[in-house]
$ cat coords-v3.txt   # compact mmCIF, C-alpha atoms and all ligand atoms
# COMPACT_ATOMS: atom_id res chain seq x y z
CA MET A 1 13.43 43.35 -3.96
CA ARG A 2 9.99 42.22 -2.79
CA THR A 3 9.27 38.51 -3.05
CA GLU A 4 6.07 39.14 -4.97
CA PHE A 5 7.98 41.34 -7.41
CA CYS A 6 10.58 38.61 -8.04
CA GLU A 7 7.80 36.07 -8.56
CA ALA A 8 5.93 38.28 -11.02
CA LEU A 9 9.11 39.05 -12.93
CA LYS A 10 10.04 35.37 -13.08
CA LYS A 11 6.61 34.56 -14.46
CA ALA A 12 6.96 37.32 -17.05
CA GLY A 13 10.38 35.98 -18.04
CA ASP A 14 8.81 32.56 -18.57
CA LEU A 15 6.26 34.27 -20.85
CA LYS A 16 3.35 33.18 -18.73
CA GLU A 17 0.17 35.25 -18.74
CA LEU A 18 0.33 37.90 -16.02
CA SER A 19 -2.63 38.64 -13.77
CA LYS A 20 -3.83 42.10 -12.86
CA GLU A 21 -2.30 41.78 -9.39
CA GLU A 22 1.05 40.81 -10.87
CA LEU A 23 0.96 43.77 -13.26
CA VAL A 24 0.24 46.05 -10.30
CA VAL A 25 3.26 44.64 -8.46
CA LEU A 26 5.44 45.24 -11.53
CA ILE A 27 4.20 48.80 -12.12
CA ASP A 28 4.74 49.52 -8.41
CA ALA A 29 8.47 48.74 -8.76
CA ASP A 30 10.91 50.76 -6.67
CA GLU A 31 14.16 51.97 -8.15
CA GLU A 32 16.08 48.72 -7.80
CA GLU A 33 13.14 46.68 -9.05
CA SER A 34 12.65 49.10 -11.96
CA ALA A 35 16.14 48.32 -13.24
CA ALA A 36 15.29 44.60 -13.32
CA LEU A 37 11.90 45.29 -14.90
CA PHE A 38 13.37 47.47 -17.64
CA SER A 39 16.10 44.97 -18.39
CA LEU A 40 13.62 42.12 -18.83
CA ALA A 41 11.30 44.28 -20.95
CA ASP A 42 14.26 45.19 -23.17
CA GLN A 43 15.15 41.53 -23.52
CA VAL A 44 11.58 40.52 -24.39
CA ARG A 45 11.36 43.38 -26.92
CA LYS A 46 14.56 42.12 -28.55
CA GLN A 47 13.38 38.54 -28.60
CA PHE A 48 9.97 39.23 -30.12
CA MET A 49 10.41 42.44 -32.11
CA GLY A 50 14.13 42.47 -32.87
CA ASP A 51 16.46 45.45 -32.82
CA GLU A 52 14.78 47.46 -35.55
CA VAL A 53 12.97 50.63 -34.59
CA HIS A 54 10.23 51.61 -37.03
CA ILE A 55 9.97 55.25 -37.94
CA ARG A 56 6.40 56.43 -38.49
CA GLY A 57 6.13 59.97 -39.82
CA ILE A 58 3.18 61.90 -38.42
CA ILE A 59 1.29 64.50 -40.42
CA GLU A 60 -1.01 66.53 -38.20
CA PHE A 61 -3.31 67.73 -40.94
CA SER A 62 -6.02 69.54 -38.94
CA ASN A 63 -6.23 70.81 -35.38
CA TYR A 64 -9.99 71.36 -35.44
CA CYS A 65 -11.84 69.11 -33.03
CA ALA A 66 -15.52 68.67 -32.29
CA ASN A 67 -14.77 67.07 -28.93
CA ASN A 68 -14.08 68.71 -25.64
CA CYS A 69 -11.77 66.33 -23.79
CA LEU A 70 -10.74 67.94 -20.52
CA TYR A 71 -7.04 67.17 -20.95
CA CYS A 72 -6.47 68.19 -24.56
CA GLY A 73 -5.51 71.53 -26.06
CA LEU A 74 -7.38 70.82 -29.30
CA ARG A 75 -10.69 70.71 -27.38
CA ARG A 76 -13.35 72.77 -29.12
CA ASN A 77 -13.77 75.22 -26.23
CA ASN A 78 -10.12 76.27 -26.42
CA ARG A 79 -10.44 79.62 -28.14
CA GLN A 80 -6.77 80.48 -27.61
CA LEU A 81 -5.68 78.11 -30.35
CA ALA A 82 -5.30 79.25 -33.97
CA ARG A 83 -6.94 76.55 -36.07
CA TYR A 84 -5.71 75.23 -39.41
CA ARG A 85 -6.63 72.66 -41.99
CA MET A 86 -4.27 71.29 -44.62
CA THR A 87 -5.61 70.75 -48.13
CA MET A 88 -5.40 67.37 -49.79
CA ASN A 89 -2.53 68.62 -51.92
CA GLU A 90 -0.67 69.90 -48.88
CA ILE A 91 -1.13 66.52 -47.22
CA LEU A 92 0.14 64.67 -50.29
CA ASP A 93 3.13 67.01 -50.66
CA ASN A 94 3.97 66.53 -47.02
CA ALA A 95 3.64 62.76 -47.31
CA ARG A 96 5.88 62.77 -50.37
CA GLN A 97 8.50 64.63 -48.39
CA ALA A 98 8.23 62.21 -45.43
CA ALA A 99 8.40 59.17 -47.72
CA GLY A 100 11.39 60.71 -49.50
CA LEU A 101 13.18 61.06 -46.18
CA GLY A 102 12.71 57.38 -45.48
CA CYS A 103 9.45 57.03 -43.54
CA ARG A 104 7.85 53.69 -44.46
CA THR A 105 4.69 54.59 -42.58
CA ILE A 106 2.73 57.82 -42.82
CA VAL A 107 0.38 58.56 -39.93
CA LEU A 108 -2.42 60.97 -40.80
CA GLN A 109 -3.62 62.52 -37.56
CA SER A 110 -6.16 65.21 -36.71
CA GLY A 111 -8.76 66.25 -34.19
CA GLU A 112 -12.27 64.98 -34.85
CA ASP A 113 -12.91 67.14 -37.88
CA SER A 114 -15.95 66.32 -40.02
CA TYR A 115 -14.81 68.88 -42.60
CA TYR A 116 -12.86 65.95 -44.03
CA THR A 117 -15.60 63.62 -45.24
CA ALA A 118 -14.94 59.91 -45.55
CA ASP A 119 -14.77 60.40 -49.33
CA ILE A 120 -12.11 63.10 -49.08
CA LEU A 121 -10.05 61.01 -46.68
CA ALA A 122 -10.47 57.86 -48.73
CA GLU A 123 -9.31 59.69 -51.84
CA THR A 124 -6.31 61.09 -50.00
CA VAL A 125 -5.36 57.65 -48.75
CA TYR A 126 -5.89 56.13 -52.18
CA LEU A 127 -3.71 58.69 -53.96
CA LEU A 128 -1.05 58.47 -51.29
CA LYS A 129 -0.85 54.69 -51.43
CA LYS A 130 -0.91 54.67 -55.23
CA GLU A 131 2.06 56.97 -55.48
CA MET A 132 4.19 56.13 -52.46
CA ASP A 133 5.55 52.88 -51.15
CA VAL A 134 4.37 53.36 -47.59
CA ALA A 135 1.93 52.00 -45.05
CA VAL A 136 -0.79 54.43 -44.00
CA THR A 137 -2.08 54.81 -40.47
CA LEU A 138 -5.11 56.92 -39.65
CA SER A 139 -5.55 58.61 -36.28
CA ILE A 140 -8.67 60.73 -36.65
CA GLY A 141 -10.92 59.60 -33.82
CA ASP A 142 -14.52 58.47 -33.70
CA ARG A 143 -16.32 58.00 -37.00
CA PRO A 144 -19.26 55.91 -38.22
CA ARG A 145 -18.31 52.37 -39.14
CA GLU A 146 -19.05 53.06 -42.82
CA ASP A 147 -16.38 55.77 -42.81
CA TYR A 148 -13.80 53.36 -41.45
CA GLU A 149 -14.82 50.88 -44.08
CA LYS A 150 -14.35 53.38 -46.91
CA MET A 151 -10.90 54.32 -45.68
CA ARG A 152 -9.91 50.71 -45.30
CA GLU A 153 -11.10 49.97 -48.83
CA ALA A 154 -9.08 52.94 -50.05
CA GLY A 155 -5.99 51.21 -48.69
CA ALA A 156 -5.45 52.46 -45.13
CA ASP A 157 -3.47 49.80 -43.26
CA ARG A 158 -3.73 50.81 -39.63
CA TYR A 159 -5.86 52.82 -37.24
CA LEU A 160 -4.93 54.38 -33.92
CA LEU A 161 -7.71 54.96 -31.42
CA LYS A 162 -6.45 55.08 -27.85
CA HIS A 163 -8.80 53.95 -25.13
CA GLU A 164 -7.05 56.59 -22.96
CA THR A 165 -8.12 55.02 -19.64
CA CYS A 166 -9.83 51.75 -18.76
CA ASP A 167 -11.71 53.42 -15.89
CA ALA A 168 -15.17 53.93 -17.41
CA GLU A 169 -16.14 56.65 -14.95
CA LEU A 170 -12.92 58.55 -15.44
CA PHE A 171 -13.28 58.15 -19.21
CA ALA A 172 -16.79 59.59 -19.19
CA GLY A 173 -15.69 62.50 -17.01
CA LEU A 174 -12.70 63.34 -19.17
CA ARG A 175 -14.33 62.85 -22.56
CA PRO A 176 -17.78 64.45 -22.33
CA GLY A 177 -20.46 62.81 -24.42
CA THR A 178 -18.48 59.64 -25.10
CA SER A 179 -18.09 56.31 -23.31
CA LEU A 180 -15.43 53.68 -22.86
CA ALA A 181 -17.81 50.95 -24.06
CA GLU A 182 -18.34 52.83 -27.31
CA ARG A 183 -14.61 53.26 -27.74
CA VAL A 184 -13.96 49.56 -27.23
CA GLU A 185 -16.75 48.75 -29.69
CA ARG A 186 -15.00 50.92 -32.27
CA LEU A 187 -11.72 49.08 -31.68
CA LYS A 188 -13.60 45.89 -32.43
CA TRP A 189 -15.04 47.29 -35.67
CA LEU A 190 -11.61 48.39 -36.81
CA GLY A 191 -10.24 44.91 -36.24
CA GLU A 192 -13.15 43.36 -38.12
CA LEU A 193 -12.51 45.69 -41.04
CA GLY A 194 -8.97 44.40 -41.28
CA PHE A 195 -7.05 47.34 -39.89
CA GLN A 196 -4.02 46.77 -37.72
CA VAL A 197 -5.40 48.39 -34.62
CA GLY A 198 -3.64 50.55 -32.06
CA SER A 199 -4.85 51.61 -28.66
CA GLY A 200 -3.10 53.13 -25.69
CA ASN A 201 -3.49 55.17 -22.58
CA MET A 202 -2.18 58.14 -20.67
CA VAL A 203 -0.22 57.74 -17.46
CA GLY A 204 -0.77 60.09 -14.52
CA LEU A 205 -4.30 61.26 -15.23
CA PRO A 206 -5.95 62.79 -12.16
CA GLY A 207 -7.92 60.09 -10.35
CA GLN A 208 -5.96 57.22 -11.90
CA THR A 209 -4.30 54.52 -9.77
CA VAL A 210 -1.72 51.78 -10.37
CA GLU A 211 -4.67 49.37 -10.63
CA THR A 212 -6.06 51.50 -13.47
CA LEU A 213 -2.75 51.21 -15.33
CA ALA A 214 -2.71 47.44 -14.89
CA GLY A 215 -6.30 47.46 -16.18
CA ASP A 216 -5.20 49.48 -19.20
CA ILE A 217 -2.72 46.77 -20.12
CA LEU A 218 -5.29 44.03 -19.57
CA LEU A 219 -7.83 45.85 -21.73
CA MET A 220 -5.31 46.02 -24.56
CA ARG A 221 -4.63 42.32 -24.17
CA GLU A 222 -8.35 41.52 -24.19
CA THR A 223 -9.07 43.67 -27.24
CA GLY A 224 -6.13 42.09 -29.04
CA VAL A 225 -4.71 45.39 -30.28
CA GLU A 226 -1.47 45.29 -32.21
CA MET A 227 -0.08 48.68 -31.22
CA ALA A 228 0.00 50.28 -27.79
CA GLY A 229 0.84 53.95 -27.29
CA ILE A 230 1.57 54.69 -23.66
CA GLY A 231 2.55 58.22 -22.70
CA PRO A 232 2.44 60.58 -19.74
CA PHE A 233 -0.39 63.04 -19.24
CA VAL A 234 1.04 66.53 -19.77
CA PRO A 235 -1.08 69.35 -18.30
CA ASN A 236 -2.08 72.14 -20.67
CA SER A 237 -2.97 75.53 -19.14
CA GLN A 238 -5.53 76.11 -21.90
CA THR A 239 -7.62 73.20 -20.58
CA PRO A 240 -9.61 72.52 -17.39
CA LEU A 241 -6.84 70.16 -16.19
CA GLY A 242 -4.14 72.80 -16.54
CA GLU A 243 -3.39 72.90 -12.82
CA CYS A 244 -3.20 69.12 -12.32
CA PRO A 245 0.18 67.46 -11.80
CA GLY A 246 1.46 65.71 -14.90
CA GLY A 247 2.38 62.04 -15.32
CA LYS A 248 5.91 61.12 -14.22
CA LEU A 249 8.42 59.59 -16.58
CA ALA A 250 9.36 56.83 -14.11
CA LEU A 251 5.76 55.63 -13.83
CA THR A 252 5.33 55.89 -17.60
CA LEU A 253 8.42 53.74 -18.22
CA LYS A 254 7.33 51.14 -15.68
CA THR A 255 3.90 50.93 -17.32
CA LEU A 256 5.54 50.64 -20.73
CA ALA A 257 7.85 47.87 -19.52
CA ALA A 258 4.98 45.96 -17.89
CA ALA A 259 3.00 46.34 -21.13
CA ARG A 260 5.90 44.85 -23.12
CA LEU A 261 5.92 41.84 -20.80
CA ALA A 262 2.16 41.34 -21.12
CA LEU A 263 2.03 42.11 -24.87
CA PRO A 264 5.32 40.83 -26.27
CA ARG A 265 4.47 41.25 -29.96
CA VAL A 266 2.79 44.61 -29.87
CA HIS A 267 4.35 47.65 -31.55
CA MET A 268 4.99 50.30 -28.93
CA PRO A 269 6.15 53.83 -29.64
CA ALA A 270 8.55 55.85 -27.56
CA THR A 271 5.97 58.62 -27.35
CA THR A 272 6.41 62.29 -28.08
CA ALA A 273 4.83 62.99 -24.69
CA ALA A 274 7.66 61.04 -23.01
CA GLY A 275 10.10 63.21 -24.96
CA THR A 276 8.21 66.29 -23.83
CA ILE A 277 8.58 65.76 -20.08
CA ASP A 278 12.21 64.63 -20.32
CA PRO A 279 14.76 65.37 -23.06
CA SER A 280 15.87 61.73 -23.02
CA GLY A 281 12.36 60.33 -22.50
CA ARG A 282 12.13 58.65 -25.90
CA ASP A 283 15.63 57.25 -25.62
CA LYS A 284 14.76 55.72 -22.24
CA ALA A 285 11.48 54.35 -23.59
CA LEU A 286 13.36 52.53 -26.36
CA ARG A 287 15.39 50.83 -23.65
CA CYS A 288 12.43 49.46 -21.74
CA GLY A 289 10.15 47.98 -24.35
CA ALA A 290 9.44 50.48 -27.12
CA ASN A 291 10.27 49.69 -30.76
CA VAL A 292 8.69 52.57 -32.70
CA ILE A 293 9.40 56.28 -32.97
CA MET A 294 7.07 58.81 -34.54
CA PRO A 295 8.79 61.98 -35.75
CA ASN A 296 6.58 64.90 -36.57
CA MET A 297 6.54 65.61 -40.31
CA THR A 298 3.96 68.41 -40.16
CA PRO A 299 5.11 71.55 -42.00
CA ALA A 300 6.80 73.95 -39.57
CA ALA A 301 4.16 76.58 -40.36
CA TYR A 302 1.41 74.48 -38.73
CA LYS A 303 3.30 72.46 -36.18
CA ALA A 304 3.17 74.91 -33.28
CA ASP A 305 -0.61 75.10 -33.51
CA TYR A 306 -1.10 71.37 -33.01
CA GLN A 307 -0.79 72.02 -29.35
CA ILE A 308 -2.36 69.08 -27.57
CA TYR A 309 -0.04 69.89 -24.67
CA PRO A 310 2.79 72.42 -24.31
CA GLY A 311 6.52 71.81 -24.60
CA LYS A 312 6.60 69.36 -27.52
CA PRO A 313 10.21 69.05 -28.64
CA GLY A 314 11.35 70.35 -32.03
CA LEU A 315 8.47 72.67 -32.82
CA SER A 316 10.55 74.73 -35.22
CA ASP A 317 12.17 71.68 -36.84
CA THR A 318 11.64 70.99 -40.52
CA PRO A 319 10.63 67.44 -41.50
CA GLU A 320 14.29 66.77 -42.41
CA GLU A 321 15.40 67.80 -38.94
CA SER A 322 12.65 65.79 -37.20
CA TYR A 323 13.58 62.70 -39.18
CA ALA A 324 17.29 63.15 -38.48
CA LYS A 325 16.63 63.54 -34.76
CA ALA A 326 14.56 60.35 -34.70
CA VAL A 327 17.40 58.45 -36.40
CA LYS A 328 19.82 59.85 -33.83
CA ILE A 329 17.66 58.65 -30.93
CA VAL A 330 17.46 55.19 -32.50
CA GLU A 331 21.22 54.99 -32.96
CA LYS A 332 21.96 56.38 -29.52
CA ALA A 333 19.90 53.54 -28.08
CA GLY A 334 22.14 51.10 -29.96
CA ARG A 335 19.44 50.06 -32.40
CA ARG A 336 18.88 50.30 -36.13
CA VAL A 337 16.23 51.94 -38.25
CA GLY A 338 13.66 49.50 -39.63
CA ARG A 339 13.66 49.42 -43.42
CA GLY A 340 10.36 47.61 -43.85
CA TYR A 341 6.82 48.85 -43.23
CA GLY A 342 6.85 47.55 -39.68
CA HIS A 343 3.50 45.85 -40.09
CA SER A 344 2.09 43.83 -37.28
CA ASP A 345 2.25 40.18 -38.22
CA ASN A 346 -1.12 39.58 -36.62
CA ALA A 347 0.65 37.04 -34.51
CA TYR A 348 -0.76 38.56 -31.40
CA LEU A 349 -4.32 37.81 -32.44
CA ALA A 350 -3.29 34.30 -33.37
CA GLY A 351 -2.16 33.69 -29.80
CA ASN A 352 0.89 35.46 -28.65
CA PHE A 353 2.35 32.88 -26.44
CA LYS A 354 2.17 29.85 -28.67
CA LEU A 355 4.26 31.21 -31.51
CA PRO A 356 7.98 30.73 -31.80
CA ALA A 357 9.91 33.89 -31.02
CA LYS A 358 11.80 35.79 -33.69
CA ASN A 359 15.51 35.09 -33.23
N1 LIG B 401 -1.14 64.92 -22.34
C1 LIG B 401 -0.70 63.81 -22.96
N2 LIG B 401 -1.33 63.25 -23.99
C2 LIG B 401 -2.47 63.84 -24.42
N3 LIG B 401 -3.30 63.53 -25.40
C3 LIG B 401 -4.30 64.43 -25.43
N4 LIG B 401 -4.10 65.34 -24.47
C4 LIG B 401 -2.97 65.00 -23.82
C5 LIG B 401 -2.27 65.55 -22.74
N5 LIG B 401 -2.67 66.65 -22.13
C6 LIG B 401 -3.11 62.37 -26.25
C7 LIG B 401 -4.25 61.41 -26.09
C8 LIG B 401 -4.88 61.37 -27.47
C9 LIG B 401 -3.90 62.02 -28.39
C10 LIG B 401 -4.56 62.89 -29.38
O1 LIG B 401 -3.05 62.80 -27.57
O2 LIG B 401 -3.78 60.15 -25.71
O3 LIG B 401 -5.11 60.06 -27.91
FE1 LIG B 402 -10.18 66.07 -29.82
FE2 LIG B 402 -8.66 63.90 -29.51
FE3 LIG B 402 -8.08 66.18 -28.24
FE4 LIG B 402 -10.22 64.78 -27.50
S1 LIG B 402 -8.05 64.07 -27.35
S2 LIG B 402 -10.15 67.00 -27.81
S3 LIG B 402 -10.93 63.96 -29.45
S4 LIG B 402 -8.04 65.84 -30.43
$ encode --input "coords-v3.txt" --output "structure tokens"
Amino acid sequence: MRTEFCEALKKAGDLKELSKEELVVLIDADEEESAALFSLADQVRKQFMGDEVHIRGIIEFSNYCANNCLYCGLRRNNRQLARYRMTMNEILDNARQAAGLGCRTIVLQSGEDSYYTADILAETVYLLKKEMDVAVTLSIGDRPREDYEKMREAGADRYLLKHETCDAELFAGLRPGTSLAERVERLKWLGELGFQVGSGNMVGLPGQTVETLAGDILLMRETGVEMAGIGPFVPNSQTPLGECPGGKLALTLKTLAAARLALPRVHMPATTAAGTIDPSGRDKALRCGANVIMPNMTPAAYKADYQIYPGKPGLSDTPEESYAKAVKIVEKAGRRVGRGYGHSDNAYLAGNFKLPAKN
């Protein structure tokens, strides 16, 4: 193992703040170093987050999107995709089913679809929270601050808005008409409004380097986000990046592990994208830092059309089957299903490194 790798790992083990250079060294780990990196990340995850894995049920309620991100199958110029929108009643029925199965968090996700006004969404969140004993996460992209405020007032607990890449030029090229600065500003708003905020990035985007990935982790530390979704880029032939090579699982896992060391108290999912490029991708992710799994609860009739990228596992699964598979992955990794909401304790914002660890 390289001396600089051993030094960076030692520093991480002592819970000292890692520099960008040190994160680069960690993410650059070779096979032998990776084993040591994963083992420490697993240990830090256990120490700070415990052995529970939180199950967050995702409802993909609309695949319409006004944006045209170069990597994503929901982009508005993709005419090959059959579009759907779920009604409020369909969403509530679906949420009821997910909650009944045991999900303590419901994630409402869609493309950027202004058909759903802030009032409609706020009412949906309000009714959902009134009836079901669950936390609600929204993942619906860029909106005016007032919209976020309405949804927060209606009872939404969390918001996911990935920064995707910390490279401003790459960001602008991949997400036409939007900017990284704007995205980061939105993350700030969401925090101010009292949401538990999630960001994240893709691994293996064309033009990205190991330095970019280290920067992604640093950006999440600087913005103080409480959830970090890190997954591989998966090329989609219905997009302009269809011919690009996809992100590798090994690099994704190393980035995830380095993120766990830099952000010990952050909730990190074993992403669906990791499970897409490797059948045991989510299982492996749980063993190197992840503590959340997000089974797809979308009705089977719509599921296949939420095609951000191809090859998502379990497209014909019913919500029952998706939930059961998630539980299986958790148990296979030697962990247990979290019974609580899996809220962030805001400890990260209060200063990660000064707080006593959970036993
Ligand atoms: N590969 C992997 N993840 C993708 N996303 C969008 N397109 C892709 C892709 N081709 C992710 C982004 C976004 C979320 C909707 O899905 O990170 O935040
Ligand atoms: Fe729309 Fe999000 Fe896909 Fe971009 S990544 S096209 S905003 S769904």
$ closest_residue --input "coords-v3.txt" --among "A:Cys65, A:Ala273, A:Leu256, A:Ala95" --to "ligand LIG 402 (chain B)" --atoms "only C-alpha atoms and all ligand atoms"
A:Cys65
$ residues_around --input "coords-v3.txt" --residues "Gly177 in chain A" --least-positions-apart "6" --cutoff "12 Å" --atoms "all atoms listed in the file" --output "PyMOL selection string"
chain A and resi 66-70+142+171+183
$ closest_atom_pairs --input "coords-v3.txt" --of "chain A" --to "ligand LIG 402 (chain B)" --cutoff "12 Å" --atoms "only C-alpha atoms and all ligand atoms" --output "Markdown table"
| residue | atom | partner | partner_atom | distance |
| --- | --- | --- | --- | --- |
| A:Glu60 | CA | B:LIG402 | S4 | 10.5 |
| A:Phe61 | CA | B:LIG402 | S4 | 11.7 |
| A:Ser62 | CA | B:LIG402 | S4 | 9.5 |
| A:Asn63 | CA | B:LIG402 | S4 | 7.2 |
| A:Tyr64 | CA | B:LIG402 | S4 | 7.7 |
| A:Cys65 | CA | B:LIG402 | FE1 | 4.7 |
| A:Ala66 | CA | B:LIG402 | FE1 | 6.4 |
| A:Asn67 | CA | B:LIG402 | S2 | 4.8 |
| A:Asn68 | CA | B:LIG402 | S2 | 4.8 |
| A:Cys69 | CA | B:LIG402 | FE4 | 4.3 |
| A:Leu70 | CA | B:LIG402 | S2 | 7.4 |
| A:Tyr71 | CA | B:LIG402 | S1 | 7.2 |
| A:Cys72 | CA | B:LIG402 | FE3 | 4.5 |
| A:Gly73 | CA | B:LIG402 | FE3 | 6.3 |
| A:Leu74 | CA | B:LIG402 | FE3 | 4.8 |
| A:Arg75 | CA | B:LIG402 | S2 | 3.8 |
| A:Arg76 | CA | B:LIG402 | S2 | 6.7 |
| A:Asn77 | CA | B:LIG402 | S2 | 9.1 |
| A:Asn78 | CA | B:LIG402 | S2 | 9.4 |
| A:Gln109 | CA | B:LIG402 | S4 | 9.0 |
| A:Ser110 | CA | B:LIG402 | S4 | 6.6 |
| A:Gly111 | CA | B:LIG402 | S4 | 3.9 |
| A:Glu112 | CA | B:LIG402 | FE1 | 5.6 |
| A:Asp113 | CA | B:LIG402 | FE1 | 8.6 |
| A:Ser114 | CA | B:LIG402 | FE1 | 11.7 |
| A:Ser139 | CA | B:LIG402 | FE2 | 9.1 |
| A:Ile140 | CA | B:LIG402 | FE2 | 7.8 |
| A:Gly141 | CA | B:LIG402 | S3 | 6.2 |
| A:Asp142 | CA | B:LIG402 | S3 | 7.8 |
| A:Arg143 | CA | B:LIG402 | S3 | 11.0 |
| A:Leu160 | CA | B:LIG402 | FE2 | 11.1 |
| A:Leu161 | CA | B:LIG402 | FE2 | 9.2 |
| A:Lys162 | CA | B:LIG402 | S1 | 9.1 |
| A:His163 | CA | B:LIG402 | S1 | 10.4 |
| A:Glu164 | CA | B:LIG402 | S1 | 8.7 |
| A:Thr165 | CA | B:LIG402 | S1 | 11.9 |
| A:Phe171 | CA | B:LIG402 | FE4 | 11.0 |
| A:Ala172 | CA | B:LIG402 | FE4 | 11.8 |
| A:Leu174 | CA | B:LIG402 | FE4 | 8.8 |
| A:Arg175 | CA | B:LIG402 | FE4 | 6.7 |
| A:Pro176 | CA | B:LIG402 | FE4 | 9.2 |
| A:Gly177 | CA | B:LIG402 | S3 | 10.8 |
| A:Thr178 | CA | B:LIG402 | S3 | 9.7 |
| A:Arg183 | CA | B:LIG402 | S3 | 11.4 |
| A:Asn201 | CA | B:LIG402 | S1 | 11.1 |
| A:Met202 | CA | B:LIG402 | S1 | 10.7 |
| A:Phe233 | CA | B:LIG402 | S1 | 11.2 |
| A:Asn236 | CA | B:LIG402 | FE3 | 11.4 |
| A:Gln238 | CA | B:LIG402 | S2 | 11.8 |
| A:Thr239 | CA | B:LIG402 | S2 | 9.9 |
| A:Pro240 | CA | B:LIG402 | S2 | 11.8 |
| A:Tyr306 | CA | B:LIG402 | S4 | 9.2 |
| A:Gln307 | CA | B:LIG402 | FE3 | 9.4 |
| A:Ile308 | CA | B:LIG402 | FE3 | 6.4 |
| A:Tyr309 | CA | B:LIG402 | FE3 | 9.5 |
$ closest_residue --input "coords-v3.txt" --among "A:Thr272, A:Thr318, A:Gln196, A:Thr3" --to "Glu33 in chain A" --atoms "only C-alpha atoms"
A:Thr3
$ residues_around --input "coords-v3.txt" --residues "range 220-232 of chain A" --least-positions-apart "5" --cutoff "9 Å" --atoms "all atoms listed in the file" --output "PyMOL selection string"
chain A and resi 160+162-164+184+187-188+191+196-205+215+246-249+251-253+255-256+259+262-263+265-274+277+344-349
$ residues_around --input "coords-v3.txt" --residues "Leu18 in chain A" --least-positions-apart "3" --cutoff "12 Å" --atoms "only C-alpha atoms" --output "VMD selection string"
chain A and resid 7 to 15 21 to 26 214 to 215 217 to 218 221 258 to 264 353
$ atom_distance --input "coords-v3.txt" --atom1 "CA of Leu180 in chain A" --atom2 "atom C2 of ligand LIG 401 (chain B)"
16.5 Å
$ closest_residue --input "coords-v3.txt" --among "A:Asp119, A:Glu243, A:Glu320, A:Glu211" --to "ligand LIG 401 (chain B)" --atoms "only C-alpha atoms and all ligand atoms"
A:Glu243
$ atom_distance --input "coords-v3.txt" --atom1 "CA of Cys6 in chain A" --atom2 "CA of Cys288 in chain A"
17.6 Å
$ atom_distance --input "coords-v3.txt" --atom1 "CA of Ala257 in chain A" --atom2 "CA of Leu37 in chain A"
6.7 Å
$ closest_residue --input "coords-v3.txt" --among "A:Ala250, A:Phe195, A:Cys103, A:Gly275" --to "ligand LIG 401 (chain B)" --atoms "all atoms listed in the file"
A:Gly275
$ closest_residue --input "coords-v3.txt" --among "A:Ala35, A:Leu108, A:Leu241, A:Met132" --to "ligand LIG 401 (chain B)" --atoms "all atoms listed in the file"
A:Leu241
$ closest_residue --input "coords-v3.txt" --among "A:Gly100, A:Ala301, A:Ala333, A:Thr276" --to "ligand LIG 401 (chain B)" --atoms "all atoms listed in the file"
A:Thr276
$ residues_near_point --input "coords-v3.txt" --point "(3.4, 52.8, -48.4)" --cutoff "8 Å" --atoms "all atoms listed in the file" --output "list in words"
Arg104, Thr105, Ile106, Leu128, Lys129, Met132, Asp133, Val134, Ala135, Val136 and Tyr341 of chain A
$ axis_aligned_box --input "coords-v3.txt" --around "range 223-232 of chain A" --padding-each-side "6 Å" --output "JSON"
{"center_x": -3.3, "center_y": 51.3, "center_z": -26.0, "size_x": 23.6, "size_y": 30.5, "size_z": 24.5}
$ residues_around --input "coords-v3.txt" --residues "Val292 in chain A" --least-positions-apart "2" --cutoff "10 Å" --atoms "only C-alpha atoms" --output "MDAnalysis selection string"
chainID A and resid 52:56 227 229 267:271 282 285:286 289:290 294:295 326 330 337:338 342
$ residues_around --input "coords-v3.txt" --residues "Ala122 in chain A" --least-positions-apart "6" --cutoff "7 Å" --atoms "all atoms listed in the file" --output "ChimeraX atom specification"
/A:150-151,154
